[in-house]
Amino acid sequence: MLRPRNWIKFLAADWNAGFLLLILIAALATGLYGRFVGLGVWAFGVDEFYISRSIDNILRTGLPRFLCGGFYTRGLTYQYVVALVRQFSLSPEFAGRVVSAVWSLVGLPAAYVIGRRLGGRTLGLVIVIILSVSVWEIEMARFARMYAPYQSIFLWYLVFFLRYTVDRDRSALMPMVLLSILGVFTWEGGAILGVANLLPPLLNHERGRLRRSDFVLIVGMLMLLGVLVAANTDLRGSAMEPALRHDEFNSQDSGVPPSPGMQVYAAHMGWMVPFVILQLALSIRTLPWIWTLRERWLAAVGLCVVLISALLHQFALCGASVAVLLLTRLVAPEEFTGRGARAYLLQLVACCAFWPAFGVITGAWPQAASSGAIPPHHWLGLAEHLSGFPRVFDEILRPWGRTMPVLTISVSLLGAALTVLVISRRLNHSAVIRALMTLLLVSMLAVGAREPGRIETRYTFFLYPLVMALGLTGIMVLVELRLAASQAALAIGASLGLLFFGLSEDFQPEHIAHIASRQVNFRVGMTPLQATHFYPRADYRLAGMWLAQNARPGDDVIIGIPSIDQYYRANFFFLQSDDERYHDYACRGGTLERWTNLPLLYGSDALAARVATGRRIFLVMYGELEQTMLAEGRRRHWRERFAWISPDGGVPITIINP
């Protein structure tokens, strides 16, 4: 940080940085407003309620232990920090969100350091400006979960990763290890940092081989990775699912088409036989060339991974492996000009031509499964199968592309251009670029290799600053190649970087200006994709107030939304027989709901038993489930009346036996 007396000298010496500082001041003011205004005004979202209820348990017993047994171990660092803040008599909503908002600011200095190492002071300032006013950054900072805190930890990890890897500063290893541990206790996905700990020997190899000291480091980091993965063990416990009626059980349908097996390829032998013969012929020329690299065994193994991935149409792994081999200089670009190497390249080209043609012409691969937001599509299914495993397309490219198409396409092209340039030319800060590009690619593969579950952009939010930093570096490098390094090139590069961000979906000044309004908070008027990107919300507090005013003693209030319990104490919790939340929600043999500790009604028959009592029942469920229950009520001849819905449309209430 500059002292005040040095500012005039600084501004005079570097007018680019001086101008950017003025923009930065405005950006920080905007970012602070967006992060902190009205933090405690609105009700918890469902995921915010989960972690807040666990924090309630910490305040009660000192441990995140549910009343009915089991522990909620996600975001432990975040949970205990919020528990400490709540000791100052702050509301749960404000306490949870203010911790996330403050923690998001902790990462900005690290972002500046990373930007400065990539492209100098100008790039560092541009990155901080963008992160300050990014609407995604602001929304996640206002989210009472651990995503913004983990992103800050990730950014500081990158700072020490560069010191250890590029600067060869051994004292940076301990901060890397500590941040890895802190990361996994802040967010369960933090085990990715354990994978990143394995990269320094790869980046600093000795002619394609590892040193003896590298093996010691790798063994230690593998042991640490095992501990980090074990730390993700879910300790909530699970109730055994009760027996279902035959018709209820058979009605369950995941909606996901089955993956194609070997029979798909056996059914198209006219395609497969010529392809296999061609690949065997090419392998006769390719394998001897790979064998000549056996002394550089890291390069030989990497080339085998690339080839096998291409043969099995796992092109995400194939492309990332090629990039890593070139970025780490395990293989130099000029090595592909030899005779054996040309056969290797021809084999890769044959795979890249054959598999898309096979998918398009035969139609053997099914269309992509619909996520509910958009209809399934054959071309998405083709891209999904060509990408293969790890599922980089499904976990990152597809969700980012649907919500931020301009930004996603732009940073992808800029990243590809930067990769080509840093491989083919000697650029300024090339070692830093290579290290961060390699770490990004490996992180994307690690994300794609995780067990598939809910696929939302927030699970890859931590990568956003790194992706933007490398994209902006691509702009600066392209400008410098055209104009050479100069003050004018810096000014033009910075201006183009800010313009690129300004034209993207992540720059929304009006959204930030009304960030605390009901309309923005509850995503009124947004598409389902936009709402999911920022996290959907509904006014559960208002629903609780309505129930308090309308429910009388003797009525049954039955909820299917756990966060209602923050604002109104119901009588029962209800789950439909095909509700996938059962294993997470049920405890004590399926008699209690875990988050609310309410008696659990599971399945329509259990609800029918309450209806048969003749009591007036208020049923509060998510909108899409409420329609299903209305249809079930008509089938069972229940007397039903739609009673109320929250202004945002997220909380409908139906009265049974009105």
# chains A, B, ... in the order shown; residues from 1 in each chain; ligands from 1
>>> residues_around(residues="stretch 353-356 of chain A", least_positions_apart="5", cutoff="12 Å", atoms="only C-alpha atoms", output="number ranges by chain")
A: 265, 271-272, 274-276, 278-279, 309-315, 346-348, 361-365, 379, 381-388
>>> write_last_selection(atoms="C-alpha atoms", output="compact mmCIF listing (two decimals), in the first residue's frame")
# COMPACT_ATOMS: atom_id res chain seq x y z
CA TYR A 265 -20.36 -49.40 -30.50
CA TRP A 271 -17.61 -47.67 -38.27
CA MET A 272 -15.57 -49.26 -35.53
CA PRO A 274 -11.99 -49.46 -39.98
CA PHE A 275 -11.24 -47.07 -37.12
CA VAL A 276 -9.52 -49.77 -35.05
CA LEU A 278 -6.36 -47.43 -38.84
CA GLN A 279 -5.34 -46.80 -35.24
CA SER A 309 -7.88 -40.16 -24.08
CA ALA A 310 -8.30 -39.36 -27.77
CA LEU A 311 -8.86 -43.01 -28.67
CA LEU A 312 -11.66 -43.19 -26.06
CA HIS A 313 -13.13 -39.77 -27.06
CA GLN A 314 -12.30 -38.22 -23.66
CA PHE A 315 -11.36 -34.93 -25.29
CA LEU A 346 -1.96 -37.99 -37.43
CA GLN A 347 -3.37 -40.50 -34.95
CA LEU A 348 -4.77 -37.67 -32.81
CA ILE A 361 -24.03 -39.48 -38.55
CA THR A 362 -24.97 -42.54 -36.49
CA GLY A 363 -26.92 -40.67 -33.78
CA ALA A 364 -25.66 -43.36 -31.39
CA TRP A 365 -25.29 -41.06 -28.43
CA TRP A 379 -25.90 -31.15 -29.90
CA GLY A 381 -25.51 -34.54 -25.85
CA LEU A 382 -22.84 -34.76 -28.56
CA ALA A 383 -20.64 -32.21 -26.77
CA GLU A 384 -21.18 -34.03 -23.48
CA HIS A 385 -20.01 -37.35 -24.91
CA LEU A 386 -17.07 -35.87 -26.80
CA SER A 387 -15.90 -34.04 -23.70
CA GLY A 388 -16.08 -37.26 -21.71
>>> residues_around(residues="A:Leu179", least_positions_apart="4", cutoff="7 Å", atoms="only C-alpha atoms", output="list in words")
Ile153, Tyr157, Pro175 and Gly183 of chain A
>>> closest_residue(among="A:Leu182, A:Leu63, A:Phe49, A:Val82", to="A:Ile561", atoms="only C-alpha atoms")
A:Phe49
>>> closest_residue(among="A:Gly589, A:Gly62, A:Pro200, A:Gly270", to="A:Thr438", atoms="only C-alpha atoms")
A:Pro200
>>> closest_residue(among="A:Arg236, A:Arg145, A:Arg425, A:His583", to="A:Tyr72", atoms="only C-alpha atoms")
A:Arg236
>>> residues_around(residues="stretch 95-98 of chain A", least_positions_apart="3", cutoff="7 Å", atoms="only C-alpha atoms", output="CSV table (one decimal) with N, CA, C and O atoms, in the first residue's frame")
chain,number,residue,atom,x,y,z
A,39,LEU,N,-27.9,-6.0,4.5
A,39,LEU,CA,-27.6,-7.4,4.6
A,39,LEU,C,-28.5,-8.2,5.4
A,39,LEU,O,-28.8,-9.3,5.1
A,82,VAL,N,-18.9,-17.3,12.2
A,82,VAL,CA,-20.2,-16.7,12.4
A,82,VAL,C,-20.7,-16.8,13.8
A,82,VAL,O,-21.4,-15.9,14.4
A,85,VAL,N,-19.3,-14.1,15.8
A,85,VAL,CA,-19.9,-12.8,15.5
A,85,VAL,C,-21.3,-12.7,16.1
A,85,VAL,O,-21.7,-11.7,16.6
A,86,ARG,N,-22.0,-13.8,16.2
A,86,ARG,CA,-23.4,-13.8,16.7
A,86,ARG,C,-23.4,-13.6,18.2
A,86,ARG,O,-24.4,-13.3,18.8
A,90,LEU,N,-26.1,-10.0,17.2
A,90,LEU,CA,-26.5,-9.6,15.8
A,90,LEU,C,-27.5,-10.7,15.3
A,90,LEU,O,-27.5,-11.8,15.7
A,91,SER,N,-28.4,-10.3,14.4
A,91,SER,CA,-29.4,-11.2,13.9
A,91,SER,C,-28.6,-12.3,13.1
A,91,SER,O,-27.6,-12.1,12.5
A,92,PRO,N,-29.2,-13.5,13.0
A,92,PRO,CA,-28.5,-14.6,12.3
A,92,PRO,C,-28.3,-14.2,10.8
A,92,PRO,O,-27.3,-14.6,10.3
A,101,ALA,N,-19.3,-11.2,3.5
A,101,ALA,CA,-19.0,-10.0,2.8
A,101,ALA,C,-17.6,-9.5,3.1
A,101,ALA,O,-16.8,-9.1,2.3
A,102,VAL,N,-17.2,-9.5,4.4
A,102,VAL,CA,-15.9,-9.1,4.9
A,102,VAL,C,-14.8,-10.0,4.3
A,102,VAL,O,-13.8,-9.5,3.8
A,142,ARG,N,-22.8,-11.6,-0.5
A,142,ARG,CA,-24.0,-11.4,0.3
A,142,ARG,C,-24.7,-12.7,0.7
A,142,ARG,O,-25.7,-12.7,1.3
A,143,PHE,N,-24.1,-13.8,0.2
A,143,PHE,CA,-24.7,-15.1,0.4
A,143,PHE,C,-24.1,-15.7,1.7
A,143,PHE,O,-22.9,-15.9,1.8
A,144,ALA,N,-24.9,-16.0,2.7
A,144,ALA,CA,-24.4,-16.6,4.0
A,144,ALA,C,-24.0,-18.0,3.9
A,144,ALA,O,-24.6,-18.9,4.5
>>> select_by_dssp(residues="stretch 274-440 of chain A", states="helix (DSSP H, G or I)", output="VMD selection string")
chain A and resid 274 to 291 297 to 311 315 to 327 333 to 337 339 to 362 378 to 387 392 to 403 405 to 424 430 to 440
>>> residues_around(residues="stretch 394-411 of chain A", least_positions_apart="2", cutoff="10 Å", atoms="only C-alpha atoms", output="PyMOL selection string")
chain A and resi 368+373-374+380+383-384+387-392+413-417+444-445+447-450+452-461+467-472+474-475+500-501+503-506+527-534
>>> atom_distance(atom1="atom CA of A:Leu418", atom2="atom CA of A:Met476")
9.8 Å
>>> atom_distance(atom1="atom CA of A:Ala26", atom2="atom CA of A:Ser412")
28.8 Å
